[in-house]
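The block underneath contains the structure these notes are about, expressed in structure tokens.
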Amino acid sequence: MSPPPSVKVEPEGAAPAERTVIWLHGLGADGHDFEPIVPELALPSELRVRFVFPHAPIRPITINAGYRMRGWYDIRDLESVDREDADGIRESERLVHELIEDEKSLGVPARRIVLGGFSQGGALALHTALRYGERLAGVAALSAYLPLAGSIEAERSDANRDLPIFLAHGTADPIVAFEHGHATSLRLAELGYPVTWSSYPMGHSVCGDEIRELGDWLLLVLSAA
């Protein structure tokens, strides 16, 4: 399996990247969606961070009347856990594994890689990072939730049992309800993960304060890696 096509933002200068953030976009977007946030994160150049923004496969999405769009997995129902697309989630989990392997082949070890994403991409980032067999630097999920939550205790990786997690959500989110994001933060904290949780008076979007807090968190976990 080949890693999905990606937009890559390389660190300035000739020296190679020493750290990587793999960021997964939301349903219907593409890898360009969060490319503009890179300078807003204000990460110091000496960290040598490469940003990888992969494009999800194009697939029919049930909740959108089967319309074909970029998505990491099908969404059949926004509320029913029993109707989660487990096969699609695990298929895309393997795609993220390939992205990690690609970065490792370029000289960036897993412990210096952060997985992150927005909405469906954030959900997949959480799902993958907590199960990944090698230590990562951290995982960030904006306006997201934990998919296949019922299997996390049995499937979570010993290597990432204390993985730093950044979660943020809009209190007026009409797409992924605020309650889902907050419940995810409580559940992961209950399992012993160090969770940084923030909420903002907004809908299903991002805001400047959120990006600044994310940048501060990235600086912390990537500097420690």
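Following the order of the structure tokens, first chain is A, next is B, and so on, with residues numbered from 1 inside each chain and ligands from 1 in the order they appear.
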Selection: 9 Å around Gly26 in chain A, only C-alpha atoms, excl. self and same-chain fewer than 3 positions, as a PDB file with C-alpha atoms, in the first residue's frame:
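Okay, this is what ended up in out.pdb:
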ATOM      1  CA  ALA A  29     -11.946  19.052   2.185  1.00  0.00           C
ATOM      2  CA  ASP A  30      -8.457  18.159   0.960  1.00  0.00           C
ATOM      3  CA  ASP A  33      -7.344  23.010   3.724  1.00  0.00           C
ATOM      4  CA  ALA A  56      -8.198  11.423   1.741  1.00  0.00           C
ATOM      5  CA  ARG A  70     -12.880  13.076   0.001  1.00  0.00           C
ATOM      6  CA  GLY A  71     -13.381  11.212   3.253  1.00  0.00           C
ATOM      7  CA  TRP A  72     -11.307   9.007   5.517  1.00  0.00           C
ATOM      8  CA  GLY A 117      -6.510  16.649  12.271  1.00  0.00           C
ATOM      9  CA  PHE A 118      -9.809  18.470  12.091  1.00  0.00           C
ATOM     10  CA  SER A 119     -13.255  16.862  12.442  1.00  0.00           C
ATOM     11  CA  GLN A 120     -13.191  13.449  10.733  1.00  0.00           C
ATOM     12  CA  GLY A 121      -9.438  13.830  10.269  1.00  0.00           C
ATOM     13  CA  GLY A 122      -9.020  14.515  13.978  1.00  0.00           C
TER      14      GLY A 122
END
Hey, could you make a per-residue contact list for range 89-142 of chain A against range 185-205 of chain A with 12 Å as the cut-off, showing the nearest pair of atoms and its distance in Å to one decimal, counting only C-alpha atoms, sorted by chain and number, as a tab-separated table?
residue	atom	partner	partner_atom	distance
A:Phe118	CA	A:Ser205	CA	8.7
A:Ser119	CA	A:His204	CA	8.2
A:Gln120	CA	A:His204	CA	11.5
A:Leu126	CA	A:Leu188	CA	10.2
A:His127	CA	A:Leu188	CA	11.6
A:Leu130	CA	A:Tyr193	CA	9.7
A:Gly138	CA	A:Pro194	CA	10.0
A:Val139	CA	A:Val195	CA	9.9
A:Ala140	CA	A:Thr196	CA	9.3
A:Ala141	CA	A:Trp197	CA	10.0
A:Leu142	CA	A:Ser205	CA	8.6
Exercise for the section: Find the residue from A:Met69, A:Ile113, A:Val38, A:Leu99 that sits nearest to Leu222 in chain A; use only C-alpha atoms when measuring. Expected result: A:Ile113
Within 9 Å of range 146-152 of chain A, which residues of range 13-120 of chain A come that close, and what is the closest atom pair and distance in Å for each? Count only C-alpha atoms and give it as a tab-separated table.
residue	atom	partner	partner_atom	distance
A:Val81	CA	A:Leu148	CA	7.6
A:Glu84	CA	A:Leu148	CA	7.3
A:Asp85	CA	A:Leu148	CA	8.9
A:Ala86	CA	A:Leu148	CA	7.1
A:Ile89	CA	A:Pro147	CA	8.2
Produce a file of the selected residues containing N, CA and C atoms, as a CSV table (one decimal), in the first residue's frame.
chain,number,residue,atom,x,y,z
A,81,VAL,N,-23.5,4.8,17.3
A,81,VAL,CA,-22.2,4.1,17.4
A,81,VAL,C,-22.2,2.8,16.6
A,84,GLU,N,-21.0,2.9,12.8
A,84,GLU,CA,-19.7,3.4,12.5
A,84,GLU,C,-19.1,2.5,11.4
A,85,ASP,N,-18.4,3.1,10.5
A,85,ASP,CA,-17.7,2.4,9.4
A,85,ASP,C,-16.4,1.9,9.8
A,86,ALA,N,-16.5,0.8,10.6
A,86,ALA,CA,-15.2,0.2,11.2
A,86,ALA,C,-14.2,-0.2,10.1
A,89,ILE,N,-12.6,3.0,8.7
A,89,ILE,CA,-11.7,3.6,9.7
A,89,ILE,C,-10.4,2.8,9.7
Exercise for the section: Identify all residues of range 28-210 of chain A in strand (DSSP E) (DSSP on the backbone) and supply them as a count of residues only. Expected result: 37
Handout entry: Which of range 2-212 of chain A DSSP labels alpha helix (DSSP H), written as an MDAnalysis selection string
Key = chainID A and resid 37:40 86:105 120:131 152:155 178:190 208:212
Write a file of the selected residues as a PDB file, in the first residue's frame, keeping C-alpha atoms.
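The result, stored in selection-v1.pdb:
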ATOM      1  CA  ILE A  37      -2.141  27.542   9.405  1.00  0.00           C
ATOM      2  CA  VAL A  38       1.551  26.591   9.313  1.00  0.00           C
ATOM      3  CA  PRO A  39       2.927  30.141   9.721  1.00  0.00           C
ATOM      4  CA  GLU A  40       0.192  30.970  12.251  1.00  0.00           C
ATOM      5  CA  ALA A  86     -15.227   0.211  11.162  1.00  0.00           C
ATOM      6  CA  ASP A  87     -13.750  -1.187   7.941  1.00  0.00           C
ATOM      7  CA  GLY A  88     -13.235   2.271   6.475  1.00  0.00           C
ATOM      8  CA  ILE A  89     -11.684   3.586   9.689  1.00  0.00           C
ATOM      9  CA  ARG A  90      -9.220   0.714   9.861  1.00  0.00           C
ATOM     10  CA  GLU A  91      -8.407   1.001   6.152  1.00  0.00           C
ATOM     11  CA  SER A  92      -7.492   4.668   6.624  1.00  0.00           C
ATOM     12  CA  GLU A  93      -5.589   3.804   9.796  1.00  0.00           C
ATOM     13  CA  ARG A  94      -3.333   1.699   7.578  1.00  0.00           C
ATOM     14  CA  LEU A  95      -2.912   4.660   5.208  1.00  0.00           C
ATOM     15  CA  VAL A  96      -1.716   6.781   8.129  1.00  0.00           C
ATOM     16  CA  HIS A  97       0.717   4.010   9.059  1.00  0.00           C
ATOM     17  CA  GLU A  98       2.154   4.322   5.553  1.00  0.00           C
ATOM     18  CA  LEU A  99       2.550   8.070   6.012  1.00  0.00           C
ATOM     19  CA  ILE A 100       4.451   7.459   9.246  1.00  0.00           C
ATOM     20  CA  GLU A 101       6.659   4.874   7.560  1.00  0.00           C
ATOM     21  CA  ASP A 102       7.364   7.338   4.754  1.00  0.00           C
ATOM     22  CA  GLU A 103       8.536   9.924   7.296  1.00  0.00           C
ATOM     23  CA  LYS A 104      10.676   7.354   9.078  1.00  0.00           C
ATOM     24  CA  SER A 105      12.324   6.479   5.759  1.00  0.00           C
ATOM     25  CA  GLN A 120     -13.191  13.449  10.733  1.00  0.00           C
ATOM     26  CA  GLY A 121      -9.438  13.830  10.269  1.00  0.00           C
ATOM     27  CA  GLY A 122      -9.020  14.515  13.978  1.00  0.00           C
ATOM     28  CA  ALA A 123     -11.101  11.458  14.802  1.00  0.00           C
ATOM     29  CA  LEU A 124      -8.879   9.275  12.603  1.00  0.00           C
ATOM     30  CA  ALA A 125      -5.736  10.832  14.122  1.00  0.00           C
ATOM     31  CA  LEU A 126      -6.945   9.914  17.621  1.00  0.00           C
ATOM     32  CA  HIS A 127      -7.953   6.411  16.585  1.00  0.00           C
ATOM     33  CA  THR A 128      -4.591   5.749  14.931  1.00  0.00           C
ATOM     34  CA  ALA A 129      -2.227   7.385  17.419  1.00  0.00           C
ATOM     35  CA  LEU A 130      -3.620   5.625  20.474  1.00  0.00           C
ATOM     36  CA  ARG A 131      -3.224   2.236  18.774  1.00  0.00           C
ATOM     37  CA  ILE A 152      -9.952   1.493  22.800  1.00  0.00           C
ATOM     38  CA  GLU A 153      -9.149  -0.215  26.111  1.00  0.00           C
ATOM     39  CA  ALA A 154      -8.460  -3.554  24.417  1.00  0.00           C
ATOM     40  CA  GLU A 155      -6.585  -2.103  21.439  1.00  0.00           C
ATOM     41  CA  PHE A 178     -19.657  19.807  21.647  1.00  0.00           C
ATOM     42  CA  GLU A 179     -20.837  17.070  24.011  1.00  0.00           C
ATOM     43  CA  HIS A 180     -19.069  14.424  21.887  1.00  0.00           C
ATOM     44  CA  GLY A 181     -15.776  16.289  22.032  1.00  0.00           C
ATOM     45  CA  HIS A 182     -16.043  16.954  25.755  1.00  0.00           C
ATOM     46  CA  ALA A 183     -16.989  13.332  26.482  1.00  0.00           C
ATOM     47  CA  THR A 184     -13.937  12.228  24.496  1.00  0.00           C
ATOM     48  CA  SER A 185     -11.682  14.451  26.605  1.00  0.00           C
ATOM     49  CA  LEU A 186     -13.128  13.044  29.835  1.00  0.00           C
ATOM     50  CA  ARG A 187     -12.867   9.446  28.647  1.00  0.00           C
ATOM     51  CA  LEU A 188      -9.228   9.787  27.579  1.00  0.00           C
ATOM     52  CA  ALA A 189      -8.301  11.537  30.818  1.00  0.00           C
ATOM     53  CA  GLU A 190     -10.027   8.718  32.693  1.00  0.00           C
ATOM     54  CA  GLY A 208      -7.072  32.364  16.216  1.00  0.00           C
ATOM     55  CA  ASP A 209      -6.923  31.560  19.935  1.00  0.00           C
ATOM     56  CA  GLU A 210      -7.234  27.843  19.149  1.00  0.00           C
ATOM     57  CA  ILE A 211      -4.395  27.966  16.617  1.00  0.00           C
ATOM     58  CA  ARG A 212      -2.176  29.836  19.070  1.00  0.00           C
TER      59      ARG A 212
END
Exercise for the section: Figure out the distance between CA of Leu78 in chain A and CA of Asp173 in chain A, please, to one decimal in Å. Expected result: 12.8 Å
Problem - Within 8 Å of range 17-20 of chain A using only C-alpha atoms, minus same-chain residues under 5 positions, as a list of chain:residue names - result: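 Surrounding residues, per the criterion: A:Glu10, A:Pro11, A:Leu47, A:Arg48, A:Val49, A:Arg50, A:Phe51, A:Val52, A:Glu103, A:Gly107, A:Val108, A:Pro109, A:Arg112, A:Ile113, A:Val114, A:Leu222.
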Exercise for the section: Calculate how many Å separate CA of His32 in chain A from CA of Pro164 in chain A, rounding to one decimal. Expected result: 25.8 Å
